[in-house]
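Shown next: entry.txt, containing compact mmCIF, C-alpha atoms.
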# COMPACT_ATOMS: atom_id res chain seq x y z
CA MET A 1 0.00 0.00 0.00
CA ALA A 2 1.31 3.46 -0.88
CA GLU A 3 2.34 5.65 2.04
CA GLU A 4 0.48 8.84 2.87
CA ILE A 5 1.75 11.52 0.49
CA PRO A 6 2.91 14.82 2.11
CA LEU A 7 3.11 16.58 -1.27
CA THR A 8 0.52 18.93 -2.69
CA ARG A 9 -1.36 18.00 -5.84
CA ARG A 10 0.82 20.35 -7.91
CA GLU A 11 4.02 18.96 -6.36
CA LEU A 12 2.90 15.42 -7.18
CA GLU A 13 2.23 16.48 -10.78
CA ILE A 14 5.73 17.91 -11.04
CA LEU A 15 7.27 14.83 -9.41
CA THR A 16 5.49 12.61 -11.95
CA LEU A 17 6.82 14.67 -14.87
CA LEU A 18 10.24 14.65 -13.23
CA ALA A 19 10.19 10.86 -13.28
CA GLU A 20 9.46 10.98 -17.01
CA GLY A 21 12.78 12.76 -17.47
CA LEU A 22 11.42 16.22 -18.34
CA SER A 23 13.57 19.30 -17.77
CA ASN A 24 12.37 22.31 -15.76
CA ASP A 25 11.52 24.14 -19.00
CA GLU A 26 9.56 21.15 -20.31
CA ILE A 27 7.66 20.78 -17.04
CA ALA A 28 6.86 24.49 -17.08
CA ALA A 29 5.51 24.27 -20.62
CA ARG A 30 3.44 21.17 -19.81
CA LEU A 31 1.83 22.81 -16.74
CA SER A 32 1.67 26.38 -18.12
CA ILE A 33 3.79 27.81 -15.30
CA SER A 34 7.18 29.51 -15.26
CA PRO A 35 10.51 27.64 -14.92
CA ASN A 36 11.18 29.63 -11.72
CA THR A 37 7.94 28.29 -10.26
CA VAL A 38 9.03 24.77 -11.16
CA LYS A 39 12.35 25.40 -9.42
CA VAL A 40 10.58 26.54 -6.24
CA HIS A 41 8.31 23.47 -6.28
CA LEU A 42 11.31 21.17 -6.73
CA ARG A 43 13.05 22.72 -3.74
CA ASN A 44 9.92 22.10 -1.64
CA ILE A 45 9.64 18.52 -2.93
CA PHE A 46 13.28 17.76 -2.10
CA GLU A 47 12.90 19.23 1.39
CA LYS A 48 9.70 17.27 2.14
CA MET A 49 11.19 14.03 0.84
CA GLY A 50 14.59 14.55 2.45
CA VAL A 51 16.47 14.03 -0.82
CA GLN A 52 19.18 15.96 -2.65
CA SER A 53 18.64 15.19 -6.34
CA ARG A 54 16.12 14.44 -9.06
CA THR A 55 17.27 10.82 -9.21
CA GLU A 56 16.81 10.34 -5.45
CA ALA A 57 13.34 11.91 -5.61
CA THR A 58 12.28 9.58 -8.43
CA MET A 59 13.62 6.46 -6.73
CA GLU A 60 12.05 7.35 -3.38
CA ALA A 61 8.67 8.16 -4.95
CA VAL A 62 8.63 4.81 -6.80
CA ARG A 63 9.63 2.98 -3.64
CA LYS A 64 6.83 4.61 -1.64
CA GLY A 65 4.31 3.93 -4.37
CA TRP A 66 3.51 7.62 -4.95
CA ILE A 67 4.13 7.40 -8.69
CA ALA A 68 4.28 4.63 -11.27
CA VAL A 69 7.10 4.48 -13.80
CA PRO A 70 6.42 2.33 -16.89
CA GLY A 71 8.54 -0.81 -16.84
CA LEU A 72 8.89 -1.05 -13.07
CA GLU A 73 5.51 -2.52 -12.09
CA PRO A 74 5.57 -6.28 -11.40
CA GLN A 75 3.62 -8.23 -14.03
CA ALA A 76 1.24 -11.00 -13.09
CA ALA A 77 1.73 -14.33 -14.88
CA PRO A 78 -1.00 -14.93 -17.50
CA GLU A 79 -3.37 -17.90 -17.17
CA GLU A 80 -2.43 -20.88 -19.33
CA SER A 81 -5.05 -21.79 -21.93
CA SER A 82 -3.59 -25.25 -22.39
CA ALA A 83 -0.97 -27.52 -20.97
CA ASP A 84 1.55 -26.68 -23.69
CA ALA A 85 0.86 -22.92 -23.80
CA VAL A 86 3.96 -20.71 -23.57
CA ALA A 87 3.75 -18.24 -20.71
CA ALA A 88 4.59 -14.57 -21.36
CA PRO A 89 7.64 -13.17 -19.55
CA ALA A 90 6.82 -12.46 -15.92
CA TRP A 91 8.57 -11.65 -12.67
CA PRO A 92 9.70 -14.90 -11.02
CA PRO A 93 7.97 -15.78 -7.76
CA LEU A 94 9.82 -14.63 -4.70
CA ALA A 95 11.35 -17.32 -2.56
CA SER A 96 9.97 -17.58 0.93
CA SER A 97 13.34 -16.53 2.31
CA TRP A 98 13.04 -13.04 0.75
CA GLN A 99 12.32 -10.24 3.20
CA PRO A 100 10.42 -7.00 2.42
CA TRP A 101 13.64 -4.99 2.35
CA ARG A 102 14.82 -7.07 -0.61
CA VAL A 103 11.75 -6.10 -2.61
CA VAL A 104 12.48 -2.46 -1.86
CA ALA A 105 16.11 -2.89 -2.90
CA LEU A 106 15.09 -4.50 -6.20
CA ALA A 107 12.69 -1.64 -6.98
CA ALA A 108 15.39 0.93 -6.18
CA VAL A 109 17.93 -0.80 -8.44
CA LEU A 110 15.46 -0.99 -11.29
CA ALA A 111 14.47 2.66 -10.84
CA LEU A 112 18.11 3.73 -10.95
CA ALA A 113 18.69 1.65 -14.09
CA LEU A 114 15.71 3.27 -15.80
CA VAL A 115 16.97 6.75 -14.92
CA VAL A 116 20.48 5.99 -16.17
CA VAL A 117 19.23 4.53 -19.46
CA PHE A 118 16.57 7.05 -20.36
CA TRP A 119 17.32 10.31 -18.53
CA PRO A 120 19.99 11.76 -20.85
CA SER A 121 17.89 11.18 -23.97
CA ARG A 122 14.72 12.65 -22.48
CA ARG A 123 15.95 15.97 -21.15
CA PRO A 124 18.75 17.43 -23.25
CA LEU A 125 19.52 20.94 -22.00
CA ALA A 126 21.99 21.83 -24.71
CA SER A 127 23.95 20.44 -27.61
CA PRO A 128 27.08 18.43 -26.73
CA ALA A 129 29.75 20.56 -25.06
CA GLN A 130 32.01 22.44 -27.42
CA PRO A 131 35.60 23.49 -26.71
CA SER A 132 35.43 26.45 -24.33
CA ASN A 133 37.72 29.18 -23.06
CA PHE A 134 37.82 31.09 -19.83
CA THR A 135 35.59 33.93 -21.10
CA THR A 136 32.39 31.88 -21.49
CA ASP A 137 30.29 29.15 -19.95
CA ARG A 138 28.52 28.26 -23.20
CA GLY A 139 30.88 25.40 -23.98
CA GLU A 140 30.12 23.67 -20.69
CA GLN A 141 27.73 20.73 -20.48
CA ARG A 142 24.53 22.02 -18.91
CA THR A 143 23.14 20.00 -16.02
CA GLU A 144 20.49 20.56 -13.40
CA PRO A 145 21.92 22.72 -10.57
CA ALA A 146 22.07 21.01 -7.19
CA PRO A 147 19.14 21.86 -4.90
CA ARG A 148 19.59 24.44 -2.20
CA GLN A 149 20.40 23.16 1.28
CA ASP A 150 19.62 24.99 4.51
CA THR A 151 22.84 26.45 5.88
CA PRO A 152 23.33 28.74 8.88
CA ARG A 153 23.63 32.48 8.08
CA TRP A 154 22.36 32.02 4.51
CA THR A 155 18.95 33.33 3.42
CA PRO A 156 17.36 33.15 -0.05
CA ARG A 157 16.22 36.50 -1.44
CA ALA A 158 14.15 37.56 -4.45
CA ALA A 159 15.41 35.88 -7.61
CA MET A 160 16.93 38.07 -10.32
CA PRO A 161 14.62 38.47 -13.36
CA THR A 162 17.30 37.26 -15.79
CA ALA A 163 19.23 34.03 -15.20
CA ARG A 164 22.85 34.73 -16.15
CA SER A 165 26.52 34.36 -15.31
CA ARG A 166 29.48 36.68 -15.88
CA ALA A 167 27.46 39.83 -15.19
CA ALA A 168 28.96 43.02 -13.75
CA GLY A 169 27.60 44.55 -10.56
CA ALA A 170 27.99 47.62 -8.37
CA LEU A 171 26.23 49.46 -5.55
CA ILE A 172 24.72 52.94 -5.68
CA ASP A 173 22.95 54.26 -2.57
CA GLY A 174 22.62 50.75 -1.15
CA ARG A 175 21.01 49.32 -4.28
CA LEU A 176 22.64 46.66 -6.40
CA PHE A 177 22.87 47.19 -10.17
CA VAL A 178 23.54 44.07 -12.27
CA VAL A 179 24.60 44.63 -15.88
CA GLY A 180 25.01 42.36 -18.89
CA GLY A 181 26.51 38.91 -18.66
CA GLU A 182 25.84 35.66 -20.43
CA THR A 183 22.54 33.77 -20.71
CA ALA A 184 21.54 30.55 -22.42
CA ALA A 185 20.78 32.67 -25.52
CA GLY A 186 24.19 34.40 -25.50
CA ASP A 187 25.51 37.77 -24.35
CA THR A 188 22.92 40.11 -22.84
CA ASP A 189 22.54 43.87 -22.38
CA ALA A 190 20.00 43.46 -19.54
CA VAL A 191 20.26 45.82 -16.55
CA GLU A 192 18.36 45.08 -13.34
CA MET A 193 18.44 46.78 -9.95
CA TYR A 194 17.85 45.15 -6.57
CA ASP A 195 16.36 47.21 -3.72
CA PRO A 196 17.06 45.49 -0.39
CA ASN A 197 14.48 47.64 1.41
CA PHE A 198 11.65 45.88 -0.43
CA ASP A 199 13.44 42.72 -1.63
CA THR A 200 12.43 43.57 -5.20
CA TRP A 201 14.04 43.91 -8.62
CA GLN A 202 13.46 46.63 -11.20
CA VAL A 203 14.29 46.38 -14.91
CA LEU A 204 16.28 49.39 -16.15
CA PRO A 205 17.30 50.64 -19.62
CA PRO A 206 19.78 48.16 -21.16
CA ARG A 207 23.47 48.87 -21.65
CA PRO A 208 24.12 50.08 -25.22
CA ILE A 209 25.98 46.84 -26.01
CA ALA A 210 25.46 43.22 -24.99
CA ALA A 211 28.61 41.92 -23.29
CA ARG A 212 29.83 39.47 -20.66
CA ASP A 213 32.85 39.67 -18.32
CA ALA A 214 32.71 43.47 -18.12
CA GLY A 215 33.68 45.47 -15.05
CA ALA A 216 31.31 47.72 -13.09
CA ALA A 217 31.76 50.27 -10.30
CA SER A 218 30.08 53.43 -9.05
CA LEU A 219 31.72 56.84 -8.95
CA ASP A 220 30.04 60.11 -7.94
CA GLY A 221 26.63 58.46 -7.93
CA LYS A 222 26.90 57.06 -11.44
CA LEU A 223 27.39 53.54 -12.71
CA TYR A 224 30.45 52.91 -14.88
CA VAL A 225 30.54 49.72 -16.96
CA ALA A 226 33.81 49.03 -18.78
CA GLY A 227 34.88 46.56 -21.44
CA GLY A 228 33.69 42.99 -21.69
CA CYS A 229 33.44 40.39 -24.42
CA SER A 230 30.82 40.95 -27.11
CA GLY A 231 30.70 37.70 -29.03
CA ASP A 232 34.28 36.56 -29.60
CA LYS A 233 35.86 40.00 -29.26
CA PRO A 234 36.81 42.15 -26.27
CA VAL A 235 35.60 45.75 -26.39
CA ALA A 236 37.07 49.00 -25.05
CA ASP A 237 33.71 50.75 -24.56
CA VAL A 238 32.91 52.43 -21.26
CA HIS A 239 29.28 53.35 -20.65
CA VAL A 240 27.99 55.53 -17.81
CA PHE A 241 24.48 55.20 -16.39
CA ASP A 242 22.80 58.06 -14.52
CA PRO A 243 20.17 56.55 -12.16
CA ALA A 244 18.45 59.91 -11.72
CA ALA A 245 17.99 60.48 -15.46
CA GLN A 246 17.65 56.76 -16.27
CA ARG A 247 19.96 57.29 -19.21
CA TRP A 248 23.22 55.86 -20.59
CA GLN A 249 25.99 57.88 -22.17
CA GLN A 250 29.38 57.09 -23.65
CA GLY A 251 32.26 57.32 -21.20
CA PRO A 252 36.05 57.45 -21.61
CA SER A 253 37.06 54.33 -23.56
CA LEU A 254 39.65 51.98 -22.11
CA PRO A 255 43.14 52.28 -23.63
CA GLN A 256 42.65 48.87 -25.27
CA PRO A 257 39.89 46.25 -25.66
CA ASN A 258 39.54 44.38 -22.40
CA CYS A 259 37.45 41.39 -21.27
CA GLY A 260 37.58 39.94 -17.78
CA LEU A 261 39.01 43.03 -16.08
CA ALA A 262 38.33 43.88 -12.44
CA LEU A 263 36.89 47.40 -12.01
CA ILE A 264 36.68 49.04 -8.61
CA ALA A 265 36.10 52.53 -7.24
CA ALA A 266 38.40 53.65 -4.43
CA GLY A 267 39.63 57.00 -3.20
CA GLY A 268 37.55 58.90 -5.76
CA ARG A 269 39.12 56.96 -8.65
CA LEU A 270 38.33 54.00 -10.86
CA TYR A 271 40.90 51.22 -11.14
CA ALA A 272 40.79 48.86 -14.15
CA LEU A 273 42.93 45.83 -13.33
CA GLY A 274 44.19 43.08 -15.62
CA GLY A 275 41.91 41.40 -18.18
CA TRP A 276 42.26 39.83 -21.61
CA ASP A 277 42.71 41.72 -24.90
CA GLY A 278 41.70 38.89 -27.21
CA ALA A 279 45.19 37.44 -27.48
CA ASN A 280 46.94 37.88 -24.14
CA VAL A 281 46.13 38.07 -20.44
CA LEU A 282 47.08 41.53 -19.16
CA ASP A 283 48.99 42.86 -16.14
CA SER A 284 48.01 46.47 -16.81
CA VAL A 285 46.42 48.81 -14.27
CA TRP A 286 44.63 51.95 -15.46
CA VAL A 287 43.23 54.75 -13.31
CA TYR A 288 40.43 57.19 -14.14
CA GLU A 289 39.37 60.28 -12.20
CA THR A 290 36.18 62.23 -12.86
CA GLY A 291 36.83 65.05 -15.29
CA ALA A 292 40.16 63.68 -16.48
CA GLY A 293 38.70 62.55 -19.78
CA SER A 294 41.09 59.62 -20.15
CA TRP A 295 42.79 56.78 -18.30
CA ARG A 296 46.35 56.97 -16.97
CA PRO A 297 48.64 54.01 -16.22
CA ALA A 298 49.55 52.93 -12.70
CA ALA A 299 51.92 50.29 -11.32
CA SER A 300 51.27 47.01 -13.13
CA LEU A 301 50.05 43.86 -11.42
CA PRO A 302 52.86 41.55 -10.28
CA ALA A 303 51.66 39.07 -12.95
CA ALA A 304 49.05 38.99 -15.70
CA ARG A 305 45.52 38.10 -14.58
CA ALA A 306 42.02 37.94 -16.05
CA MET A 307 38.78 37.13 -14.21
CA ALA A 308 40.36 38.27 -10.93
CA SER A 309 38.28 39.96 -8.24
CA ALA A 310 39.01 43.16 -6.36
CA ALA A 311 38.09 44.59 -2.95
CA TRP A 312 38.93 47.80 -1.10
CA LEU A 313 39.69 47.54 2.62
CA ARG A 314 41.41 49.99 4.98
CA ASP A 315 42.94 52.17 2.28
CA HIS A 316 44.37 49.24 0.34
CA LEU A 317 43.30 47.52 -2.85
CA TYR A 318 43.19 43.71 -2.89
CA VAL A 319 43.27 41.64 -6.09
CA ILE A 320 42.29 38.02 -5.54
CA GLY A 321 42.57 34.88 -7.66
CA GLY A 322 42.01 35.05 -11.41
CA ASP A 323 43.29 33.19 -14.45
CA ASP A 324 46.72 33.62 -16.04
CA GLY A 325 45.63 32.08 -19.35
CA THR A 326 46.70 28.58 -18.40
CA GLY A 327 44.39 28.11 -15.43
CA PRO A 328 43.08 29.59 -12.16
CA ARG A 329 45.48 31.08 -9.62
CA ALA A 330 45.34 31.43 -5.84
CA GLU A 331 47.51 34.52 -5.28
CA MET A 332 46.30 37.65 -3.54
CA TRP A 333 48.09 40.97 -4.10
CA VAL A 334 47.75 44.14 -2.08
CA TYR A 335 48.18 47.63 -3.58
CA ASP A 336 49.07 50.70 -1.55
CA PRO A 337 47.86 53.74 -3.55
CA ALA A 338 49.90 56.14 -1.43
CA ALA A 339 53.16 54.35 -2.19
CA GLY A 340 52.12 53.09 -5.63
CA THR A 341 53.45 49.60 -4.81
CA TRP A 342 52.21 46.02 -4.77
CA LYS A 343 53.00 43.25 -2.30
CA GLN A 344 51.86 39.66 -2.08
CA GLY A 345 49.45 38.58 0.63
CA PRO A 346 48.30 35.12 1.77
CA GLY A 347 46.80 33.17 -1.12
CA LEU A 348 43.44 31.45 -1.36
CA VAL A 349 43.07 27.92 -0.04
CA GLU A 350 42.33 26.82 -3.62
CA PRO A 351 43.07 28.46 -7.02
CA ARG A 352 39.92 30.06 -8.44
CA ALA A 353 38.75 32.65 -10.96
CA GLY A 354 35.41 34.41 -11.24
CA LEU A 355 34.88 34.86 -7.50
CA ALA A 356 32.13 36.98 -5.96
CA VAL A 357 33.95 39.23 -3.47
CA GLY A 358 32.94 41.67 -0.74
CA ALA A 359 34.76 43.38 2.11
CA GLU A 360 33.63 44.78 5.46
CA GLY A 361 35.22 45.49 8.82
CA SER A 362 38.41 43.45 8.90
CA SER A 363 37.24 40.71 6.52
CA ILE A 364 37.28 39.92 2.82
CA TYR A 365 34.79 37.31 1.60
CA ALA A 366 35.55 35.31 -1.55
CA PHE A 367 32.64 33.16 -2.70
CA GLY A 368 32.52 30.51 -5.40
CA GLY A 369 34.78 30.77 -8.39
CA GLY A 370 36.34 28.13 -10.57
CA SER A 371 35.26 26.85 -13.96
CA GLY A 372 33.06 24.16 -15.48
CA SER A 373 31.98 21.62 -12.86
CA GLN A 374 34.65 22.59 -10.33
CA PRO A 375 32.99 22.53 -6.86
CA SER A 376 32.53 25.89 -5.20
CA LEU A 377 34.49 26.97 -2.16
CA HIS A 378 33.79 29.96 0.06
CA GLU A 379 36.51 31.64 2.10
CA ARG A 380 36.97 34.52 4.52
CA PHE A 381 40.21 36.45 4.90
CA ASP A 382 40.87 37.95 8.33
CA LEU A 383 42.99 41.07 8.07
CA ASN A 384 44.07 40.78 11.72
CA THR A 385 45.33 37.19 11.55
CA GLN A 386 46.32 37.38 7.87
CA SER A 387 44.72 34.00 7.22
CA TRP A 388 41.90 32.40 5.20
CA SER A 389 39.18 30.15 6.59
CA THR A 390 36.37 28.29 4.80
CA ILE A 391 32.62 29.00 5.00
CA ASP A 392 29.71 26.58 4.59
CA SER A 393 27.73 26.89 1.36
CA PRO A 394 23.99 26.63 0.61
CA ARG A 395 24.89 25.11 -2.76
CA LEU A 396 26.84 21.97 -3.57
CA GLY A 397 28.78 21.67 -6.80
CA PRO A 398 29.96 24.54 -9.02
CA TRP A 399 29.04 28.18 -8.44
CA HIS A 400 31.16 30.73 -10.24
CA HIS A 401 31.03 34.09 -12.04
CA ALA A 402 28.28 35.43 -9.79
CA VAL A 403 27.90 39.04 -8.66
CA GLY A 404 28.76 39.86 -5.04
CA ALA A 405 28.15 43.00 -2.99
CA ILE A 406 28.02 43.93 0.70
CA ILE A 407 24.72 45.59 1.64
CA GLY A 408 24.46 46.39 5.34
CA PRO A 409 25.49 43.31 7.32
CA ASN A 410 24.97 40.92 4.41
CA LEU A 411 26.96 39.78 1.42
CA HIS A 412 24.57 39.29 -1.49
CA ILE A 413 25.47 36.69 -4.15
CA VAL A 414 23.44 36.90 -7.36
CA GLY A 415 23.31 34.71 -10.47
CA GLY A 416 26.35 32.84 -11.74
CA TRP A 417 26.92 29.39 -13.18
CA ALA A 418 26.13 26.15 -11.32
CA GLY A 419 25.79 23.69 -14.17
CA ASP A 420 23.30 26.12 -15.71
CA TYR A 421 22.71 29.86 -15.65
CA LEU A 422 21.30 31.02 -12.32
CA ASP A 423 18.77 33.64 -11.28
CA ASP A 424 19.31 32.66 -7.63
CA HIS A 425 19.95 35.31 -5.01
CA GLU A 426 21.46 34.42 -1.64
CA ALA A 427 22.37 36.66 1.29
CA TYR A 428 25.12 35.66 3.71
CA GLN A 429 25.12 37.32 7.12
CA ALA A 430 28.70 38.53 7.11
CA SER A 431 28.31 40.47 10.35
CA HIS A 432 26.01 40.41 13.35
CA LEU A 433 26.33 44.19 13.58
CA LEU A 434 24.37 46.73 11.58
CA PHE A 435 26.81 49.18 10.04
CA LEU A 436 27.78 50.59 6.68
CA PRO A 437 30.44 48.65 4.79
CA ILE A 438 33.97 50.03 4.91
CA GLY A 439 34.52 48.89 1.37
CA ALA A 440 32.91 46.91 -1.41
CA GLN A 441 32.98 46.91 -5.16
CA GLY A 442 31.41 50.13 -6.29
CA ALA A 443 31.12 51.53 -2.73
CA LYS A 444 32.89 54.64 -1.56
CA PRO A 445 35.63 53.93 0.97
Encoded form using structure tokens:
Amino acid sequence: MAEEIPLTRRELEILTLLAEGLSNDEIAARLSISPNTVKVHLRNIFEKMGVQSRTEATMEAVRKGWIAVPGLEPQAAPEESSADAVAAPAWPPLASSWQPWRVVALAAVLALALVVVFWPSRRPLASPAQPSNFTTDRGEQRTEPAPRQDTPRWTPRAAMPTARSRAAGALIDGRLFVVGGETAAGDTDAVEMYDPNFDTWQVLPPRPIAARDAGAASLDGKLYVAGGCSGDKPVADVHVFDPAAQRWQQGPSLPQPNCGLALIAAGGRLYALGGWDGANVLDSVWVYETGAGSWRPAASLPAARAMASAAWLRDHLYVIGGDDGTGPRAEMWVYDPAAGTWKQGPGLVEPRAGLAVGAEGSSIYAFGGGSGSQPSLHERFDLNTQSWSTIDSPRLGPWHHAVGAIIGPNLHIVGGWAGDYLDDHEAYQASHLLFLPIGAQGAKP
């Protein structure tokens, strides 16, 4: 007899379609709901069932008798019409020594076999993976992101309207602006703003070009978005958005096309650090001040880096991780603007690029990073002890090229790549105190 089902009627419908091997998009189309709604229902299903994956949910539902999967039901032996009639294939009778747990085990094994055989052919998310480079996630094999798990100090917030990775983000007046990036359809020009006071998103006028791996920072109340990759080519364009006028204008172009740069505002200046010019990873550092009309060079990075992350803390600029063109790196460098010099600080526990970074008090937080299916790792750097420590994550598996920003006591992580493009939005309670951040990307020091 089937056990009492704790799922709602809608959740049971979704679980049944899940067992058929349908993707979130296919389930949404079948039930005339949005993919985000499907995602929320799946999270609730996994939590109620105490499982961590689609496969586990299917196997457990079959075992409990909540759903029927063709090919798994035992078949009764047909009656013989004559002594020499040939019986149709049927399950053999169970020996008296079999216990109920063995029946359950057999059903679980058969369910797993069915999933392994038919799942890949029933829910293709993309064409076979193509050769990729470090400026895109489109060559990666798309898989269903791991379900969220409850983790202390993490809270889900309103999902971003556009699922994407490799977006640029910056804060203006405590609101987070997310620009461009990469979606399943390619590069995007989408601009969306998150207001933490109401936990809501607002769609804003798009950036004049669609690009991924750009840099973003705020200076004098305006949003600067620099460079990025548009298709296969880096661009030098800098666009400036005025939130009051809701209008974009052309800004001072970068000295050269640049994709994967780190852009940060500090001390009334913009710093453009590293990047990729289409052929080489760069060690260049360029500085822009309002009214200057152009960028001027500053002391180069100790080594070339693209996809590195930057944070401002206690009058110093920190550049963390990144890719040197051959793979991710773990180094952290510290820049003293007063002396114009770099020094090396303690490196990350694990080499990573595309981290979401924020800084407050005496801490720098480096979340996610990596490439492809590389599992995520979250770390905190303590300025006082000069050491890194790890932080629990609400997400298993990969999570990289998300946007990070400190708002009040929380570090907000938005979007990114986790086997697919994310619209997820998580807030990590970085501090138990309520105070303004000392430094964060796009925030005034």
Test item: which residues lie within 12 Å of (39.1, 65.3, -13.0) counting all atoms listed in the file, as a compact mmCIF listing (two decimals) with C-alpha atoms, keeping the file's coordinate frame:
# COMPACT_ATOMS: atom_id res chain seq x y z
CA LEU A 219 31.72 56.84 -8.95
CA ASP A 220 30.04 60.11 -7.94
CA GLY A 268 37.55 58.90 -5.76
CA ARG A 269 39.12 56.96 -8.65
CA LEU A 270 38.33 54.00 -10.86
CA VAL A 287 43.23 54.75 -13.31
CA TYR A 288 40.43 57.19 -14.14
CA GLU A 289 39.37 60.28 -12.20
CA THR A 290 36.18 62.23 -12.86
CA GLY A 291 36.83 65.05 -15.29
CA ALA A 292 40.16 63.68 -16.48
CA GLY A 293 38.70 62.55 -19.78
CA SER A 294 41.09 59.62 -20.15
CA TRP A 295 42.79 56.78 -18.30
CA ARG A 296 46.35 56.97 -16.97
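Taking atom CA of A:Ala167 and atom CA of A:Val235 as endpoints, the distance between them is 15.1 Å.
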For a test of reading the model, state the distance in Å between atom CA of A:Leu171 and atom CA of A:Ala356, rounded to one decimal. 13.8 Å
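For the set A:Arg166, A:Lys64, A:Arg352, A:His41, the residue with the smallest atom-to-atom gap to A:Ala214 is A:Arg166, counting all atoms listed in the file.
Going from atom CA of A:Gly215 to atom CA of A:Ala262 covers 5.6 Å.
Using all atoms listed in the file, the shortest contact distance between A:Trp388 and any of A:Pro255, A:Gly345, A:Gly21, A:Gly50 is found at A:Gly345.
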For A:Arg380, please output as a ChimeraX atom specification all residues within 9 Å (counting only C-alpha atoms; exclusion window: fewer than 3 positions along the same chain). /A:363-367,387-391
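Shortest atom-to-atom contact with A:Leu422 among A:Leu223, A:Val357, A:Val319, A:Ala163: A:Ala163, counting all atoms listed in the file.
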Do a neighbour search on A:Ala226 at 8 Å with all atoms listed in the file, toss out local chain neighbours closer than 5 positions, and write the hits as number ranges by chain. A: 214-216, 236-239, 253-254, 263
Around the point (20.5, 40.9, 3.7) (coordinates from the file), which residues reach within 9 Å if we count all atoms listed in the file? Answer as number ranges by chain. A: 155, 157, 196, 406-412, 426-429
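Minimum atom-to-atom distance to A:Gln344, evaluated using only C-alpha atoms, belongs to A:Leu301 out of A:Leu301, A:Asp382, A:Ser373, A:Asn44.
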